[in-house]
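What follows is a single structure, written as structure tokens, with notes after it.
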Amino acid sequence: MSDKRMIRIFDTTLRDGEQSPGASMNLNEKVEIAQALVALGVDIIEAGFPIASPGDFESVSEIAKTVRGSVICGLARCNEKDIDRAWEALKHAEQARIHVFLATSAIHREFKLKMTQEEIIERAVKGVQRAVGYCDDIEFSPEDAVRTEKNFLCRVVEAAIDAGATTVNIPDTVGYATPKHMGEVIAHLKNNVPNIDKAVISIHCHNDLGMAVANSLAAVEEGAGQIECTINGIGERAGNCSLEEVTMAMRTRGDYYDFDSNIQSQKLVPTSRLVSSITGLQVQRNKAIVGRNAFAHEAGIHQDGMLKERSTYEIMRPEDVGFAKTDLVLGKHSGRAALADRVKTLGYSLTGEQLQHVFDRFKHLADKKKEIYDDDIVALIQQQLHTDNHQVEEENQWELVSFKLQTETGKTPKVEMTLKKGNEETTTEVTDGDGPIDAGFLAVEKVTGYNLKCRDFSVRSTSLGHDAMGEVNVEIDHSGHLYRGRGLSTDTLKATVLAILSTINQIESDQ
Ligand code: KIV
Ligand code: ZN
């Protein structure tokens, strides 16, 4: 058995992560991510901020009712209404935690809260006491702790622990700390808060200066026992400490760090892919641990070294973080069993029905594309999961029947498109698009009657080769709500139309 200090991993992808612009998720998606986080070995899942909206309440409540194996946490400001609402959402959890926060820095006290130091302490104590009335696992966060006067921070933390907080979280809310500074803050608390041993010290770092992971590790070196982080490092502004980076740093540098976590590292890549596909926030290619290039060796000297001995240029093995080690490319003759095996190797667990849908699409794709790579299969799986999470009654869905596209250099494209809803087919023609994609948007608008405010549009190739599939993601604003749609096809215009129709179907199912 390892004699290392085990650090609790508190994942806030569903709360702080969801605060990333454009990253909102629906209920099914949140439950799916929560289940993946349990499988990943996360100790505490911050499922949301129940008072923030009815949708947030519902998802925290559903996760509390259905997800087992990790502590489920809900966020609340330091007031009765928030705390009562958080408990209402959490009450069915196997293990529940209420997370109460209140800003403590001079800037926040003066400009945001207009409260004195004494008032802050009084409010913090009352909030923690109210939460203690509901459950015995209470976390308290002095928001903007890093910019709070050190001695006042010690007083607040001491009072919160006395009131019953079992975890005290030290947020670097604006990503201002440096590693040495962060270590000093934690050391100061350890040395100056008399009851500090009665609570776990937690660290919550934002990444505005790109130091969230380094700052979190520095805090742990000084005695913090919990790290708050998110998958792919998503979160408010520049994001939070990245779960995959911080946990792999501990593990890979086990020679240096005397601490580790319970994270099942082989699930890091599949979980990263899941979150990226649900939120639509793509992971940059060179992102540490989970980026597509994280283990790609380009320079000849590096490749030569790798062939002789991989440790010359690799400090981690790709398979240890969940990149499947497969040299086999699937194709037209591969059967259902081969696909099922690959799906499992890639870290996904699909129901029989989901696998069948993916297999049908796989066969269809194999007719068009000779070699099907892992990235193509991941795209097909994610498309299926996306469809499952945005299910709309079938008879009311808009569907693409066909389109004809004519383009010529120097001329506007001509698109003739037929869409279907129920049994009714409508055909239209558009000749004034600013390129084929714009013409596709205009044609869909003309048939469906929607005036679409497109907030984001991206196309990427799912794998290698000029016959690769194009994945289109669109974000449409409808009455202040953002809807995300995805389309996948070897034909980019078709992928675009499928993505737009998927958002329209979601809009209509919400009405
Ligand atoms: O960054 C922050 O201060 C937070 C708190 C609510 C913990 O997210
Ligand atoms: Zn935060």
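As shown in the structure tokens, the chain order sets the letters A, B, ...; within each chain, residues go from 1, and ligands are also counted from 1 in the order they appear.
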
For the structure I just gave you, how does DSSP split range 332-482 of chain A - specifically, which residues are strand (DSSP E)? Reply as a PDB file with N, CA, C and O atoms, in the first residue's frame.
ATOM      1  N   TRP A 398     -37.242  18.318 -37.289  1.00  0.00           N
ATOM      2  CA  TRP A 398     -36.846  18.751 -38.630  1.00  0.00           C
ATOM      3  C   TRP A 398     -35.757  17.805 -39.120  1.00  0.00           C
ATOM      4  O   TRP A 398     -34.849  17.472 -38.372  1.00  0.00           O
ATOM      5  N   GLU A 399     -35.887  17.382 -40.376  1.00  0.00           N
ATOM      6  CA  GLU A 399     -34.870  16.498 -40.935  1.00  0.00           C
ATOM      7  C   GLU A 399     -34.425  17.008 -42.293  1.00  0.00           C
ATOM      8  O   GLU A 399     -35.211  17.631 -43.013  1.00  0.00           O
ATOM      9  N   LEU A 400     -33.188  16.701 -42.621  1.00  0.00           N
ATOM     10  CA  LEU A 400     -32.690  17.052 -43.949  1.00  0.00           C
ATOM     11  C   LEU A 400     -33.066  15.929 -44.908  1.00  0.00           C
ATOM     12  O   LEU A 400     -32.773  14.763 -44.648  1.00  0.00           O
ATOM     13  N   VAL A 401     -33.730  16.294 -46.007  1.00  0.00           N
ATOM     14  CA  VAL A 401     -34.047  15.280 -47.010  1.00  0.00           C
ATOM     15  C   VAL A 401     -32.936  15.270 -48.069  1.00  0.00           C
ATOM     16  O   VAL A 401     -32.310  14.255 -48.324  1.00  0.00           O
ATOM     17  N   SER A 402     -32.667  16.432 -48.642  1.00  0.00           N
ATOM     18  CA  SER A 402     -31.616  16.493 -49.656  1.00  0.00           C
ATOM     19  C   SER A 402     -31.235  17.945 -49.916  1.00  0.00           C
ATOM     20  O   SER A 402     -31.974  18.866 -49.559  1.00  0.00           O
ATOM     21  N   PHE A 403     -30.081  18.150 -50.513  1.00  0.00           N
ATOM     22  CA  PHE A 403     -29.769  19.477 -51.037  1.00  0.00           C
ATOM     23  C   PHE A 403     -28.911  19.344 -52.284  1.00  0.00           C
ATOM     24  O   PHE A 403     -28.263  18.325 -52.506  1.00  0.00           O
ATOM     25  N   LYS A 404     -28.955  20.393 -53.067  1.00  0.00           N
ATOM     26  CA  LYS A 404     -28.156  20.452 -54.286  1.00  0.00           C
ATOM     27  C   LYS A 404     -27.363  21.755 -54.190  1.00  0.00           C
ATOM     28  O   LYS A 404     -27.931  22.802 -53.869  1.00  0.00           O
ATOM     29  N   LEU A 405     -26.081  21.671 -54.415  1.00  0.00           N
ATOM     30  CA  LEU A 405     -25.254  22.876 -54.276  1.00  0.00           C
ATOM     31  C   LEU A 405     -24.504  23.133 -55.576  1.00  0.00           C
ATOM     32  O   LEU A 405     -23.918  22.221 -56.147  1.00  0.00           O
ATOM     33  N   GLN A 406     -24.560  24.392 -56.008  1.00  0.00           N
ATOM     34  CA  GLN A 406     -23.838  24.767 -57.223  1.00  0.00           C
ATOM     35  C   GLN A 406     -22.907  25.920 -56.879  1.00  0.00           C
ATOM     36  O   GLN A 406     -23.368  26.950 -56.367  1.00  0.00           O
ATOM     37  N   LYS A 414     -25.539  28.574 -55.357  1.00  0.00           N
ATOM     38  CA  LYS A 414     -26.970  28.322 -55.424  1.00  0.00           C
ATOM     39  C   LYS A 414     -27.233  27.026 -54.643  1.00  0.00           C
ATOM     40  O   LYS A 414     -26.567  26.006 -54.891  1.00  0.00           O
ATOM     41  N   VAL A 415     -28.154  27.112 -53.686  1.00  0.00           N
ATOM     42  CA  VAL A 415     -28.501  25.918 -52.908  1.00  0.00           C
ATOM     43  C   VAL A 415     -29.984  25.640 -53.054  1.00  0.00           C
ATOM     44  O   VAL A 415     -30.816  26.543 -52.871  1.00  0.00           O
ATOM     45  N   GLU A 416     -30.284  24.407 -53.382  1.00  0.00           N
ATOM     46  CA  GLU A 416     -31.697  23.993 -53.373  1.00  0.00           C
ATOM     47  C   GLU A 416     -31.806  22.966 -52.262  1.00  0.00           C
ATOM     48  O   GLU A 416     -31.041  21.985 -52.235  1.00  0.00           O
ATOM     49  N   MET A 417     -32.700  23.210 -51.311  1.00  0.00           N
ATOM     50  CA  MET A 417     -32.734  22.334 -50.137  1.00  0.00           C
ATOM     51  C   MET A 417     -34.147  21.856 -49.824  1.00  0.00           C
ATOM     52  O   MET A 417     -35.106  22.636 -49.884  1.00  0.00           O
ATOM     53  N   THR A 418     -34.249  20.585 -49.458  1.00  0.00           N
ATOM     54  CA  THR A 418     -35.549  20.048 -49.030  1.00  0.00           C
ATOM     55  C   THR A 418     -35.415  19.566 -47.593  1.00  0.00           C
ATOM     56  O   THR A 418     -34.545  18.759 -47.264  1.00  0.00           O
ATOM     57  N   LEU A 419     -36.310  20.110 -46.753  1.00  0.00           N
ATOM     58  CA  LEU A 419     -36.358  19.684 -45.356  1.00  0.00           C
ATOM     59  C   LEU A 419     -37.720  19.057 -45.105  1.00  0.00           C
ATOM     60  O   LEU A 419     -38.687  19.331 -45.818  1.00  0.00           O
ATOM     61  N   LYS A 420     -37.758  18.277 -44.006  1.00  0.00           N
ATOM     62  CA  LYS A 420     -39.012  17.572 -43.720  1.00  0.00           C
ATOM     63  C   LYS A 420     -39.334  17.725 -42.241  1.00  0.00           C
ATOM     64  O   LYS A 420     -38.435  17.666 -41.389  1.00  0.00           O
ATOM     65  N   LYS A 421     -40.628  17.938 -41.958  1.00  0.00           N
ATOM     66  CA  LYS A 421     -41.070  17.897 -40.567  1.00  0.00           C
ATOM     67  C   LYS A 421     -42.342  17.076 -40.555  1.00  0.00           C
ATOM     68  O   LYS A 421     -43.286  17.402 -41.278  1.00  0.00           O
ATOM     69  N   GLU A 424     -44.460  16.370 -43.805  1.00  0.00           N
ATOM     70  CA  GLU A 424     -44.467  17.472 -44.769  1.00  0.00           C
ATOM     71  C   GLU A 424     -43.070  17.855 -45.237  1.00  0.00           C
ATOM     72  O   GLU A 424     -42.187  18.125 -44.413  1.00  0.00           O
ATOM     73  N   GLU A 425     -42.888  17.850 -46.539  1.00  0.00           N
ATOM     74  CA  GLU A 425     -41.591  18.237 -47.094  1.00  0.00           C
ATOM     75  C   GLU A 425     -41.675  19.631 -47.696  1.00  0.00           C
ATOM     76  O   GLU A 425     -42.662  19.978 -48.332  1.00  0.00           O
ATOM     77  N   THR A 426     -40.634  20.441 -47.493  1.00  0.00           N
ATOM     78  CA  THR A 426     -40.613  21.778 -48.092  1.00  0.00           C
ATOM     79  C   THR A 426     -39.288  21.960 -48.816  1.00  0.00           C
ATOM     80  O   THR A 426     -38.230  21.640 -48.274  1.00  0.00           O
ATOM     81  N   THR A 427     -39.388  22.510 -50.012  1.00  0.00           N
ATOM     82  CA  THR A 427     -38.169  22.756 -50.797  1.00  0.00           C
ATOM     83  C   THR A 427     -38.014  24.249 -51.018  1.00  0.00           C
ATOM     84  O   THR A 427     -38.992  24.968 -51.209  1.00  0.00           O
ATOM     85  N   THR A 428     -36.777  24.690 -50.947  1.00  0.00           N
ATOM     86  CA  THR A 428     -36.527  26.110 -51.197  1.00  0.00           C
ATOM     87  C   THR A 428     -35.240  26.276 -51.973  1.00  0.00           C
ATOM     88  O   THR A 428     -34.423  25.357 -52.053  1.00  0.00           O
ATOM     89  N   GLU A 429     -35.076  27.498 -52.500  1.00  0.00           N
ATOM     90  CA  GLU A 429     -33.848  27.760 -53.249  1.00  0.00           C
ATOM     91  C   GLU A 429     -33.245  29.067 -52.756  1.00  0.00           C
ATOM     92  O   GLU A 429     -33.968  30.030 -52.501  1.00  0.00           O
ATOM     93  N   VAL A 430     -31.934  29.095 -52.588  1.00  0.00           N
ATOM     94  CA  VAL A 430     -31.262  30.305 -52.136  1.00  0.00           C
ATOM     95  C   VAL A 430     -30.133  30.597 -53.110  1.00  0.00           C
ATOM     96  O   VAL A 430     -29.371  29.702 -53.468  1.00  0.00           O
ATOM     97  N   LYS A 453     -29.605  33.568 -34.782  1.00  0.00           N
ATOM     98  CA  LYS A 453     -28.451  34.395 -34.386  1.00  0.00           C
ATOM     99  C   LYS A 453     -27.324  33.436 -34.060  1.00  0.00           C
ATOM    100  O   LYS A 453     -27.321  32.801 -33.001  1.00  0.00           O
ATOM    101  N   CYS A 454     -26.391  33.318 -34.987  1.00  0.00           N
ATOM    102  CA  CYS A 454     -25.311  32.351 -34.805  1.00  0.00           C
ATOM    103  C   CYS A 454     -24.188  32.989 -33.989  1.00  0.00           C
ATOM    104  O   CYS A 454     -23.590  33.964 -34.401  1.00  0.00           O
ATOM    105  N   ARG A 455     -23.953  32.435 -32.797  1.00  0.00           N
ATOM    106  CA  ARG A 455     -22.926  33.001 -31.911  1.00  0.00           C
ATOM    107  C   ARG A 455     -21.565  32.354 -32.121  1.00  0.00           C
ATOM    108  O   ARG A 455     -20.543  32.920 -31.799  1.00  0.00           O
ATOM    109  N   ASP A 456     -21.585  31.137 -32.590  1.00  0.00           N
ATOM    110  CA  ASP A 456     -20.307  30.461 -32.820  1.00  0.00           C
ATOM    111  C   ASP A 456     -20.496  29.394 -33.885  1.00  0.00           C
ATOM    112  O   ASP A 456     -21.560  28.759 -33.953  1.00  0.00           O
ATOM    113  N   PHE A 457     -19.473  29.232 -34.673  1.00  0.00           N
ATOM    114  CA  PHE A 457     -19.513  28.234 -35.739  1.00  0.00           C
ATOM    115  C   PHE A 457     -18.099  27.701 -35.904  1.00  0.00           C
ATOM    116  O   PHE A 457     -17.157  28.470 -36.022  1.00  0.00           O
ATOM    117  N   SER A 458     -17.939  26.389 -35.831  1.00  0.00           N
ATOM    118  CA  SER A 458     -16.593  25.859 -36.059  1.00  0.00           C
ATOM    119  C   SER A 458     -16.673  24.566 -36.857  1.00  0.00           C
ATOM    120  O   SER A 458     -17.621  23.796 -36.719  1.00  0.00           O
ATOM    121  N   VAL A 459     -15.679  24.361 -37.687  1.00  0.00           N
ATOM    122  CA  VAL A 459     -15.571  23.105 -38.443  1.00  0.00           C
ATOM    123  C   VAL A 459     -14.204  22.527 -38.127  1.00  0.00           C
ATOM    124  O   VAL A 459     -13.217  23.264 -38.091  1.00  0.00           O
ATOM    125  N   ARG A 460     -14.164  21.237 -37.854  1.00  0.00           N
ATOM    126  CA  ARG A 460     -12.848  20.616 -37.723  1.00  0.00           C
ATOM    127  C   ARG A 460     -12.884  19.234 -38.344  1.00  0.00           C
ATOM    128  O   ARG A 460     -13.957  18.617 -38.448  1.00  0.00           O
ATOM    129  N   SER A 461     -11.738  18.787 -38.727  1.00  0.00           N
ATOM    130  CA  SER A 461     -11.672  17.454 -39.300  1.00  0.00           C
ATOM    131  C   SER A 461     -11.487  16.476 -38.146  1.00  0.00           C
ATOM    132  O   SER A 461     -10.703  16.727 -37.241  1.00  0.00           O
ATOM    133  N   GLY A 470     -16.038  15.948 -41.427  1.00  0.00           N
ATOM    134  CA  GLY A 470     -16.029  17.286 -40.855  1.00  0.00           C
ATOM    135  C   GLY A 470     -17.024  17.312 -39.707  1.00  0.00           C
ATOM    136  O   GLY A 470     -18.143  16.811 -39.826  1.00  0.00           O
ATOM    137  N   GLU A 471     -16.567  17.853 -38.580  1.00  0.00           N
ATOM    138  CA  GLU A 471     -17.493  18.008 -37.448  1.00  0.00           C
ATOM    139  C   GLU A 471     -17.806  19.493 -37.337  1.00  0.00           C
ATOM    140  O   GLU A 471     -16.905  20.310 -37.186  1.00  0.00           O
ATOM    141  N   VAL A 472     -19.074  19.815 -37.419  1.00  0.00           N
ATOM    142  CA  VAL A 472     -19.487  21.213 -37.320  1.00  0.00           C
ATOM    143  C   VAL A 472     -20.193  21.419 -35.990  1.00  0.00           C
ATOM    144  O   VAL A 472     -21.063  20.636 -35.604  1.00  0.00           O
ATOM    145  N   ASN A 473     -19.773  22.443 -35.269  1.00  0.00           N
ATOM    146  CA  ASN A 473     -20.456  22.827 -34.033  1.00  0.00           C
ATOM    147  C   ASN A 473     -21.010  24.226 -34.212  1.00  0.00           C
ATOM    148  O   ASN A 473     -20.279  25.132 -34.642  1.00  0.00           O
ATOM    149  N   VAL A 474     -22.282  24.397 -33.900  1.00  0.00           N
ATOM    150  CA  VAL A 474     -22.851  25.746 -33.967  1.00  0.00           C
ATOM    151  C   VAL A 474     -23.460  26.102 -32.616  1.00  0.00           C
ATOM    152  O   VAL A 474     -23.890  25.222 -31.864  1.00  0.00           O
ATOM    153  N   GLU A 475     -23.449  27.380 -32.341  1.00  0.00           N
ATOM    154  CA  GLU A 475     -24.090  27.875 -31.128  1.00  0.00           C
ATOM    155  C   GLU A 475     -25.085  28.934 -31.566  1.00  0.00           C
ATOM    156  O   GLU A 475     -24.707  29.910 -32.218  1.00  0.00           O
ATOM    157  N   ILE A 476     -26.349  28.720 -31.254  1.00  0.00           N
ATOM    158  CA  ILE A 476     -27.401  29.632 -31.716  1.00  0.00           C
ATOM    159  C   ILE A 476     -28.059  30.272 -30.501  1.00  0.00           C
ATOM    160  O   ILE A 476     -28.402  29.587 -29.527  1.00  0.00           O
ATOM    161  N   ASP A 477     -28.225  31.585 -30.586  1.00  0.00           N
ATOM    162  CA  ASP A 477     -28.891  32.305 -29.508  1.00  0.00           C
ATOM    163  C   ASP A 477     -30.376  32.425 -29.874  1.00  0.00           C
ATOM    164  O   ASP A 477     -30.721  32.972 -30.921  1.00  0.00           O
ATOM    165  N   HIS A 478     -31.237  31.896 -29.010  1.00  0.00           N
ATOM    166  CA  HIS A 478     -32.667  32.038 -29.266  1.00  0.00           C
ATOM    167  C   HIS A 478     -33.305  32.567 -27.985  1.00  0.00           C
ATOM    168  O   HIS A 478     -33.261  31.906 -26.946  1.00  0.00           O
ATOM    169  N   HIS A 481     -31.303  32.314 -24.867  1.00  0.00           N
ATOM    170  CA  HIS A 481     -30.776  31.001 -24.504  1.00  0.00           C
ATOM    171  C   HIS A 481     -29.813  30.533 -25.583  1.00  0.00           C
ATOM    172  O   HIS A 481     -30.088  30.695 -26.760  1.00  0.00           O
ATOM    173  N   LEU A 482     -28.720  29.918 -25.148  1.00  0.00           N
ATOM    174  CA  LEU A 482     -27.777  29.403 -26.147  1.00  0.00           C
ATOM    175  C   LEU A 482     -28.071  27.930 -26.404  1.00  0.00           C
ATOM    176  O   LEU A 482     -28.203  27.142 -25.470  1.00  0.00           O
TER     177      LEU A 482
END

**Request:** Would you mind listing what lies within 12 Å of Ser2 in chain A as a ChimeraX atom specification, with only C-alpha atoms counted and same-chain residues fewer than 6 positions away left out?
**Result:** /A:251,254,258-262

**Request:** Give the residues close to ligand 1, within 9 Å, counting only C-alpha atoms and all ligand atoms; write them as a ChimeraX atom specification.
**Result:** /A:12,15-16,75-77,99-103,140-145,169-175,204-206,228,235-236,240

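The space between CA of Glu118 in chain A and CA of Cys78 in chain A spans 14.7 Å.
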
**Prompt:** Smallest atom-to-atom distance to ligand 2: which of A:Glu221, A:Asp208, A:Asp320, A:Glu110, using only C-alpha atoms and all ligand atoms?
**Reply:**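 That would be A:Asp208, the residue with the smallest distance to ligand 2.
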